[in-house]
$ cat model.txt   # compact mmCIF, C-alpha atoms
# COMPACT_ATOMS: atom_id res chain seq x y z
CA MET A 1 131.84 115.84 70.22
CA LEU A 2 130.02 115.65 73.54
CA LYS A 3 128.01 118.72 72.59
CA ILE A 4 126.87 117.10 69.32
CA LEU A 5 125.94 113.92 71.15
CA HIS A 6 123.97 115.96 73.69
CA CYS A 7 122.02 117.69 70.92
CA VAL A 8 121.19 114.36 69.25
CA VAL A 9 119.86 113.00 72.55
CA ILE A 10 117.68 116.09 73.06
CA PHE A 11 116.32 115.83 69.51
CA PHE A 12 115.52 112.11 69.99
CA VAL A 13 113.74 112.84 73.25
CA ALA A 14 111.69 115.63 71.59
CA ILE A 15 110.72 113.39 68.65
CA THR A 16 109.73 110.63 71.06
CA SER A 17 107.63 113.05 73.11
CA VAL A 18 105.82 114.37 70.00
CA SER A 19 105.22 110.84 68.73
CA THR A 20 103.84 109.78 72.08
CA SER A 21 101.60 112.84 72.23
CA TRP A 22 100.36 112.19 68.68
CA ALA A 23 99.69 108.56 69.45
CA GLU A 24 97.79 109.44 72.60
CA SER A 25 95.76 112.02 70.70
CA GLY A 26 95.03 109.56 67.94
CA SER A 27 93.91 106.99 70.41
CA LYS A 28 91.24 109.40 71.74
CA GLY A 29 89.67 109.82 68.28
CA THR A 30 87.69 112.77 66.86
CA PRO A 31 85.90 114.82 69.55
CA VAL A 32 82.13 114.70 69.01
CA THR A 33 78.82 115.27 70.79
CA ALA A 34 75.94 112.82 70.65
CA THR A 35 72.24 112.62 71.50
CA PRO A 36 69.63 109.86 71.61
CA VAL A 37 67.08 109.62 68.80
CA ILE A 38 63.98 111.61 69.80
CA ARG A 39 60.51 110.07 69.61
CA ASP A 40 57.74 112.64 69.19
CA THR A 41 54.62 113.59 67.24
CA ILE A 42 55.64 115.08 63.89
CA ILE A 43 53.45 117.89 62.58
CA ILE A 44 53.26 117.91 58.77
CA THR A 45 52.93 121.44 57.39
CA GLU A 46 52.90 123.43 54.18
CA GLU A 47 54.06 127.06 54.15
CA SER A 48 53.14 129.97 51.92
CA MET A 49 53.47 133.74 51.67
CA GLY A 50 50.25 135.51 50.76
CA TRP A 51 48.51 138.83 51.15
CA ILE A 52 45.82 140.61 53.15
CA GLU A 53 42.59 141.91 51.63
CA ALA A 54 39.71 143.84 53.14
CA LYS A 55 36.69 141.58 53.58
CA ILE A 56 34.40 144.63 53.54
CA ASN A 57 35.24 147.10 50.77
CA PRO A 58 32.05 149.10 50.20
CA GLU A 59 31.43 151.48 47.31
CA VAL A 60 29.20 154.28 48.57
CA SER A 61 26.76 155.33 45.84
CA ALA A 62 24.08 157.99 45.46
CA GLU A 63 20.59 156.73 46.29
CA VAL A 64 18.87 159.85 44.93
CA SER A 65 19.54 162.18 42.02
CA GLY A 66 20.69 165.73 42.64
CA ARG A 67 23.55 168.18 42.73
CA ILE A 68 26.42 167.68 45.20
CA GLN A 69 26.02 170.39 47.81
CA GLU A 70 28.77 169.77 50.36
CA ILE A 71 31.57 167.17 50.83
CA PHE A 72 32.85 166.42 54.34
CA VAL A 73 35.53 163.76 53.71
CA ASP A 74 38.41 163.26 51.30
CA THR A 75 40.76 160.54 50.03
CA GLY A 76 42.91 158.99 52.75
CA GLN A 77 40.75 160.26 55.60
CA ILE A 78 39.72 157.83 58.34
CA VAL A 79 36.02 157.94 59.23
CA LYS A 80 33.79 156.28 61.78
CA ALA A 81 30.59 154.42 60.93
CA GLY A 82 27.75 156.93 60.69
CA SER A 83 30.00 159.94 59.99
CA PRO A 84 28.60 162.44 57.43
CA MET A 85 30.24 162.16 54.02
CA VAL A 86 28.29 164.34 51.57
CA THR A 87 24.98 166.17 51.15
CA ILE A 88 22.95 166.28 47.93
CA ASP A 89 20.64 169.19 47.15
CA SER A 90 17.16 168.27 48.47
CA GLU A 91 15.08 171.13 47.01
CA GLN A 92 13.24 168.81 44.62
CA GLN A 93 12.35 166.42 47.44
CA LYS A 94 11.08 169.33 49.54
CA LEU A 95 8.73 170.48 46.77
CA GLU A 96 7.48 166.92 46.27
CA LYS A 97 6.90 166.56 50.00
CA LYS A 98 4.78 169.73 50.08
CA ALA A 99 2.62 168.52 47.20
CA LEU A 100 2.21 165.03 48.65
CA GLN A 101 1.34 166.34 52.10
CA SER A 102 -1.36 168.53 50.53
CA GLU A 103 -2.76 165.49 48.74
CA VAL A 104 -2.86 163.50 52.00
CA ASP A 105 -4.62 166.36 53.80
CA ARG A 106 -7.18 166.70 50.96
CA LEU A 107 -7.99 162.98 50.95
CA GLU A 108 -8.32 162.85 54.72
CA ALA A 109 -10.83 165.74 54.57
CA LEU A 110 -12.80 164.02 51.80
CA ILE A 111 -12.90 160.79 53.82
CA VAL A 112 -14.28 162.61 56.86
CA ASN A 113 -16.98 164.21 54.72
CA GLN A 114 -17.79 160.93 52.93
CA LYS A 115 -18.20 159.13 56.25
CA LYS A 116 -20.81 161.71 57.25
CA THR A 117 -22.56 161.31 53.89
CA LEU A 118 -22.58 157.53 54.29
CA GLY A 119 -24.09 157.90 57.76
CA ARG A 120 -26.92 160.01 56.41
CA HIS A 121 -27.51 157.58 53.55
CA ARG A 122 -27.72 154.72 56.02
CA ASN A 123 -30.51 156.51 57.94
CA LEU A 124 -32.36 157.33 54.71
CA LEU A 125 -31.99 153.77 53.50
CA ALA A 126 -33.56 152.53 56.75
CA LYS A 127 -36.52 154.81 56.03
CA LYS A 128 -36.51 153.65 52.41
CA SER A 129 -35.99 157.26 51.32
CA ILE A 130 -33.05 156.32 49.01
CA SER A 131 -32.28 153.31 46.89
CA GLN A 132 -29.83 150.58 47.84
CA GLU A 133 -27.77 151.46 44.75
CA ARG A 134 -27.22 155.02 45.93
CA PHE A 135 -26.12 153.78 49.35
CA ASP A 136 -23.73 151.26 47.74
CA ASN A 137 -22.21 153.96 45.55
CA ALA A 138 -21.51 156.11 48.62
CA GLU A 139 -19.90 153.16 50.36
CA VAL A 140 -17.70 152.36 47.32
CA LYS A 141 -16.64 156.01 47.13
CA LEU A 142 -15.49 155.88 50.76
CA ILE A 143 -13.45 152.73 50.09
CA THR A 144 -11.88 154.36 47.02
CA LEU A 145 -10.92 157.47 48.97
CA LYS A 146 -9.28 155.33 51.66
CA GLU A 147 -7.25 153.45 49.03
CA GLN A 148 -6.19 156.75 47.47
CA LEU A 149 -5.15 157.99 50.91
CA GLU A 150 -3.01 154.88 51.49
CA GLY A 151 -1.31 155.43 48.13
CA ALA A 152 -0.64 159.09 48.93
CA LYS A 153 0.79 158.18 52.33
CA SER A 154 3.10 155.58 50.71
CA ARG A 155 4.36 158.17 48.23
CA LEU A 156 4.91 160.62 51.10
CA ALA A 157 6.86 157.99 53.07
CA ASP A 158 9.00 157.27 50.00
CA ASN A 159 9.62 161.00 49.63
CA ARG A 160 10.78 161.20 53.24
CA ARG A 161 13.07 158.21 52.68
CA ARG A 162 14.62 159.83 49.58
CA MET A 163 14.99 163.12 51.41
CA ALA A 164 16.91 161.33 54.17
CA LYS A 165 19.17 159.84 51.48
CA THR A 166 20.30 163.32 50.43
CA SER A 167 22.56 163.16 53.49
CA VAL A 168 25.08 160.36 52.95
CA PHE A 169 26.75 158.72 55.97
CA ALA A 170 29.62 156.23 56.22
CA PRO A 171 28.17 152.69 56.26
CA VAL A 172 31.22 151.29 58.10
CA GLY A 173 34.31 152.57 59.83
CA GLY A 174 37.44 152.75 57.68
CA TRP A 175 39.27 155.11 55.39
CA ILE A 176 38.44 156.72 52.06
CA GLU A 177 40.27 154.94 49.25
CA LYS A 178 38.82 157.02 46.37
CA ARG A 179 36.55 160.04 45.91
CA PHE A 180 34.61 160.19 42.63
CA ILE A 181 32.73 163.49 43.00
CA SER A 182 33.30 167.21 43.50
CA GLU A 183 31.01 169.93 44.83
CA GLY A 184 28.56 171.06 42.15
CA ASP A 185 28.53 167.72 40.30
CA PHE A 186 25.12 166.35 39.33
CA VAL A 187 24.75 162.70 40.24
CA LYS A 188 22.07 160.19 39.35
CA GLU A 189 20.79 157.38 41.51
CA GLY A 190 23.44 154.65 41.56
CA ASN A 191 26.42 156.86 40.68
CA PRO A 192 29.49 156.03 42.87
CA LEU A 193 30.53 158.68 45.39
CA PHE A 194 33.34 157.07 47.43
CA LEU A 195 35.26 153.80 47.66
CA MET A 196 35.94 152.82 51.25
CA VAL A 197 38.31 150.29 52.82
CA THR A 198 37.86 148.89 56.30
CA ASP A 199 40.43 146.81 58.16
CA GLN A 200 38.09 145.54 60.86
CA PHE A 201 37.42 142.27 59.03
CA LEU A 202 40.11 140.78 56.79
CA ARG A 203 40.44 138.19 54.06
CA ILE A 204 43.75 136.28 53.99
CA VAL A 205 44.80 134.73 50.66
CA LEU A 206 47.54 132.07 50.65
CA PRO A 207 48.68 130.50 47.33
CA PHE A 208 50.00 126.92 47.17
CA PRO A 209 51.43 124.82 44.32
CA GLU A 210 48.98 122.63 42.43
CA ASN A 211 50.57 119.42 43.75
CA VAL A 212 49.62 120.42 47.31
CA SER A 213 45.92 120.87 46.54
CA ALA A 214 45.00 117.28 47.47
CA SER A 215 46.39 117.84 50.98
CA LEU A 216 44.37 121.02 51.65
CA ALA A 217 40.90 120.95 53.19
CA ILE A 218 38.43 123.41 54.68
CA GLY A 219 38.77 123.53 58.47
CA GLN A 220 42.51 122.79 58.61
CA GLN A 221 44.44 124.81 61.18
CA VAL A 222 46.62 127.67 59.94
CA LYS A 223 49.24 129.68 61.83
CA LEU A 224 49.64 133.24 60.53
CA THR A 225 52.39 135.80 61.08
CA SER A 226 52.77 139.27 59.60
CA PRO A 227 55.61 141.83 59.48
CA LEU A 228 53.00 144.30 60.76
CA SER A 229 52.93 142.50 64.13
CA LYS A 230 56.21 140.71 64.62
CA ASN A 231 56.57 137.77 67.03
CA ARG A 232 52.79 137.28 67.17
CA ILE A 233 51.24 134.08 65.85
CA ILE A 234 47.53 134.10 65.00
CA GLU A 235 45.76 130.74 64.78
CA ALA A 236 42.89 130.40 62.30
CA LYS A 237 41.23 127.86 60.01
CA ILE A 238 40.78 127.52 56.26
CA ASN A 239 37.34 128.93 55.39
CA GLN A 240 37.40 128.52 51.63
CA ILE A 241 39.47 126.98 48.83
CA ARG A 242 39.04 128.70 45.48
CA PRO A 243 37.93 126.03 42.99
CA ALA A 244 39.96 127.30 40.03
CA VAL A 245 43.72 127.51 39.62
CA ASN A 246 44.98 131.08 39.32
CA ILE A 247 45.76 131.51 35.61
CA HIS A 248 48.69 133.85 36.32
CA SER A 249 50.48 132.06 39.18
CA ARG A 250 49.17 128.53 38.54
CA ALA A 251 48.50 128.26 42.25
CA ILE A 252 45.65 127.00 44.40
CA GLU A 253 44.48 129.79 46.73
CA ILE A 254 43.02 129.22 50.17
CA ILE A 255 40.94 131.89 51.93
CA ILE A 256 40.85 132.68 55.64
CA TYR A 257 38.46 135.20 57.20
CA LEU A 258 39.26 136.77 60.53
CA GLU A 259 38.84 139.89 62.61
CA ASN A 260 41.85 142.19 62.50
CA PRO A 261 44.13 141.11 65.39
CA GLY A 262 45.71 144.55 65.65
CA ALA A 263 47.78 146.50 63.15
CA TRP A 264 47.23 144.36 60.05
CA ARG A 265 46.35 146.34 56.91
CA PRO A 266 44.87 145.35 53.54
CA GLY A 267 47.63 144.97 50.97
CA GLY A 268 50.18 143.70 53.51
CA THR A 269 52.06 140.41 53.23
CA ILE A 270 51.26 137.42 55.40
CA ASN A 271 53.08 134.16 56.15
CA GLY A 272 50.92 131.11 56.65
CA THR A 273 51.68 127.59 57.85
CA VAL A 274 48.92 125.04 57.21
CA ILE A 275 48.90 121.91 59.36
CA ILE A 276 47.91 119.14 56.93
CA GLY A 277 48.57 116.11 59.16
CA GLN A 278 50.76 114.46 61.78
CA HIS A 279 52.85 111.34 62.41
CA ASP A 280 52.60 109.88 65.90
CA ASN A 281 55.73 108.40 67.53
CA GLY A 282 58.04 109.64 64.78
CA LEU A 283 61.84 109.54 64.93
CA LEU A 284 63.70 112.87 65.01
CA VAL A 285 67.38 113.79 65.00
CA PRO A 286 69.14 117.18 64.88
CA ALA A 287 69.34 118.40 61.30
CA ARG A 288 73.11 118.96 61.56
CA SER A 289 73.65 115.28 62.40
CA VAL A 290 72.54 114.31 58.89
CA VAL A 291 75.40 114.53 56.37
CA ARG A 292 75.61 113.69 52.70
CA ARG A 293 77.96 111.00 51.50
CA PRO A 294 78.33 109.23 48.12
CA ALA A 295 75.89 106.61 49.44
CA GLY A 296 73.30 109.32 50.17
CA GLU A 297 72.17 110.87 53.45
CA VAL A 298 73.73 109.25 56.51
CA VAL A 299 73.99 109.65 60.25
CA TYR A 300 76.69 108.26 62.53
CA GLN A 301 75.67 106.06 65.43
CA LEU A 302 77.90 106.25 68.49
CA GLU A 303 78.83 102.71 69.57
CA ASN A 304 81.70 102.08 72.03
CA ASN A 305 83.58 105.21 70.88
CA ILE A 306 83.25 104.12 67.25
CA ALA A 307 81.21 105.97 64.62
CA ARG A 308 78.96 103.53 62.74
CA GLN A 309 77.59 104.93 59.50
CA ARG A 310 73.84 104.46 59.00
CA GLN A 311 72.19 105.35 55.70
CA VAL A 312 68.83 107.02 56.35
CA THR A 313 65.81 108.49 54.58
CA THR A 314 64.69 111.91 55.83
CA GLY A 315 61.16 113.31 55.98
CA ASN A 316 59.64 116.48 57.34
CA ARG A 317 61.54 119.14 59.22
CA GLN A 318 60.34 120.34 62.60
CA GLY A 319 62.34 123.35 63.73
CA ASN A 320 66.01 122.31 63.96
CA LEU A 321 65.06 118.62 63.89
CA VAL A 322 64.50 116.35 60.91
CA GLU A 323 62.33 113.25 60.66
CA ILE A 324 63.98 109.91 59.89
CA THR A 325 61.55 107.68 58.02
CA ASP A 326 63.93 104.77 57.38
CA GLY A 327 67.33 103.56 58.59
CA LEU A 328 66.98 103.84 62.40
CA SER A 329 65.12 101.85 65.02
CA GLY A 330 64.86 104.69 67.54
CA HIS A 331 67.21 103.25 70.17
CA GLU A 332 70.44 104.65 68.71
CA LYS A 333 72.66 107.44 70.00
CA ILE A 334 73.49 109.76 67.11
CA ILE A 335 76.60 111.92 66.70
CA VAL A 336 75.78 115.60 66.20
CA ASP A 337 78.80 117.94 66.37
CA GLY A 338 81.69 116.55 64.35
CA ALA A 339 79.53 114.29 62.18
CA GLY A 340 80.71 116.01 59.02
CA PHE A 341 84.34 114.96 59.66
CA LEU A 342 83.67 111.25 60.18
CA THR A 343 83.86 108.09 58.12
CA ASP A 344 82.46 104.67 58.89
CA ASN A 345 84.12 102.96 61.89
CA ALA A 346 86.18 106.05 62.76
CA PRO A 347 87.28 106.32 66.42
CA VAL A 348 85.60 109.15 68.29
CA ASN A 349 85.71 110.76 71.71
CA GLU A 350 82.33 111.90 73.07
CA LYS A 351 82.34 115.30 74.78
CA GLN A 352 79.73 116.31 77.27
CA GLN A 353 77.41 119.01 75.93
$ encode --input "model.txt" --output "structure tokens"
Amino acid sequence: MLKILHCVVIFFVAITSVSTSWAESGSKGTPVTATPVIRDTIIITEESMGWIEAKINPEVSAEVSGRIQEIFVDTGQIVKAGSPMVTIDSEQQKLEKKALQSEVDRLEALIVNQKKTLGRHRNLLAKKSISQERFDNAEVKLITLKEQLEGAKSRLADNRRRMAKTSVFAPVGGWIEKRFISEGDFVKEGNPLFLMVTDQFLRIVLPFPENVSASLAIGQQVKLTSPLSKNRIIEAKINQIRPAVNIHSRAIEIIIYLENPGAWRPGGTINGTVIIGQHDNGLLVPARSVVRRPAGEVVYQLENNIARQRQVTTGNRQGNLVEITDGLSGHEKIIVDGAGFLTDNAPVNEKQQ
């Protein structure tokens, strides 16, 4: 009997201890962390994933007709500006040069002789031994020979220019994207020889939805990142906005021109963040402090260890913070950790972060 009574006493003491512990725990409330509302400038941005294009993408063409004699480069090869690419047979230009040079030499000799003749005619005219008409004819002949000489020299200069064009050099540094010719091919003036790609100067294309077009403007700042150079942010500005909507993607495309910052390559992807505006003295809270309730989005204000529910309207995100456009004055202390477990007027216990 005493043993049973002893057990009952022990059980009662245990129940009392648990009840006391539970009551004490309940009196402390839900453990939470809290932070004051942050006032700061809010940067308004729009983000997009686009692609990289080569700003300079020259097609190297033949500037003279002839047969391909020798090819020095091939598809995929990297070349420097001024490197030899191909030679075209110049035998025809050499024959033309020989004939034109002979014509220049002949006309120069005739001009020397005509000058002497004109000198003699001038002396005879002074003595009235020849007529004025004969002297004038000699003078006109000299002028005609000089004009013919200028024409021959121009044709010779053009021949030299075309002969120089039989050796084709890379107009820019880059790599060979396509080769259109083989040794022995006959090409005409204007026929394509190579397609080159250079990554020295790039064109960045970023597409945006149509409803964003009114917020975009030339000169706006853009922050660019690429998988080809991780953890590096390149700042640039919008240089061009294409006037038409892309018929395939239904997007507005902005264009940015810049010098290659390093390892970027045409065809690669690019992430762009356009800064379209800012709000001064905006209100920010941690994004995890905003929870959704039947009433909408709410935050919990810490007030004398009580959680006061405040319905809010959110705006732009800035990192791990979110803008509050309505519902707070800016002087509140907002619960962060534990906010998802709270209800209005729930007791809480603030922990130090």
$ residues_around --input "model.txt" --residues "Lys116 in chain A" --least-positions-apart "6" --cutoff "12 Å" --atoms "all atoms listed in the file" --output "list of chain:residue names"
A:Ala109, A:Leu110, A:Arg122, A:Asn123, A:Ala138, A:Glu139, A:Leu142
$ closest_residue --input "model.txt" --among "A:Lys230, A:Gly272, A:Phe180, A:Glu350" --to "Asp74 in chain A" --atoms "all atoms listed in the file"
A:Phe180
$ closest_residue --input "model.txt" --among "A:Gln69, A:Gln240, A:Gln220, A:Asn349" --to "Ile181 in chain A" --atoms "all atoms listed in the file"
A:Gln69
$ residues_around --input "model.txt" --residues "Pro58 in chain A" --least-positions-apart "6" --cutoff "8 Å" --atoms "only C-alpha atoms" --output "PDB file with C-alpha atoms, keeping the file's coordinate frame"
ATOM      1  CA  LEU A 195      35.260 153.800  47.660  1.00  0.00           C
ATOM      2  CA  MET A 196      35.940 152.820  51.250  1.00  0.00           C
ATOM      3  CA  VAL A 197      38.310 150.290  52.820  1.00  0.00           C
TER       4      VAL A 197
END
$ closest_residue --input "model.txt" --among "A:Met49, A:Val285, A:Leu118, A:Val274" --to "Ile143 in chain A" --atoms "all atoms listed in the file"
A:Leu118
$ residues_around --input "model.txt" --residues "Leu258 in chain A" --least-positions-apart "4" --cutoff "12 Å" --atoms "all atoms listed in the file" --output "list in words"
Ile52, Glu53, Ala54, Lys55, Ile56, Asp199, Gln200, Phe201, Leu202, Arg203, Ile204, Val205, Val222, Leu224, Ile234, Glu235, Ala236, Lys237, Ile238, Asn239, Gly262 and Trp264 of chain A
$ atom_distance --input "model.txt" --atom1 "CA of Val140 in chain A" --atom2 "CA of Leu124 in chain A"
17.2 Å
$ atom_distance --input "model.txt" --atom1 "CA of Lys98 in chain A" --atom2 "CA of Gly151 in chain A"
15.7 Å
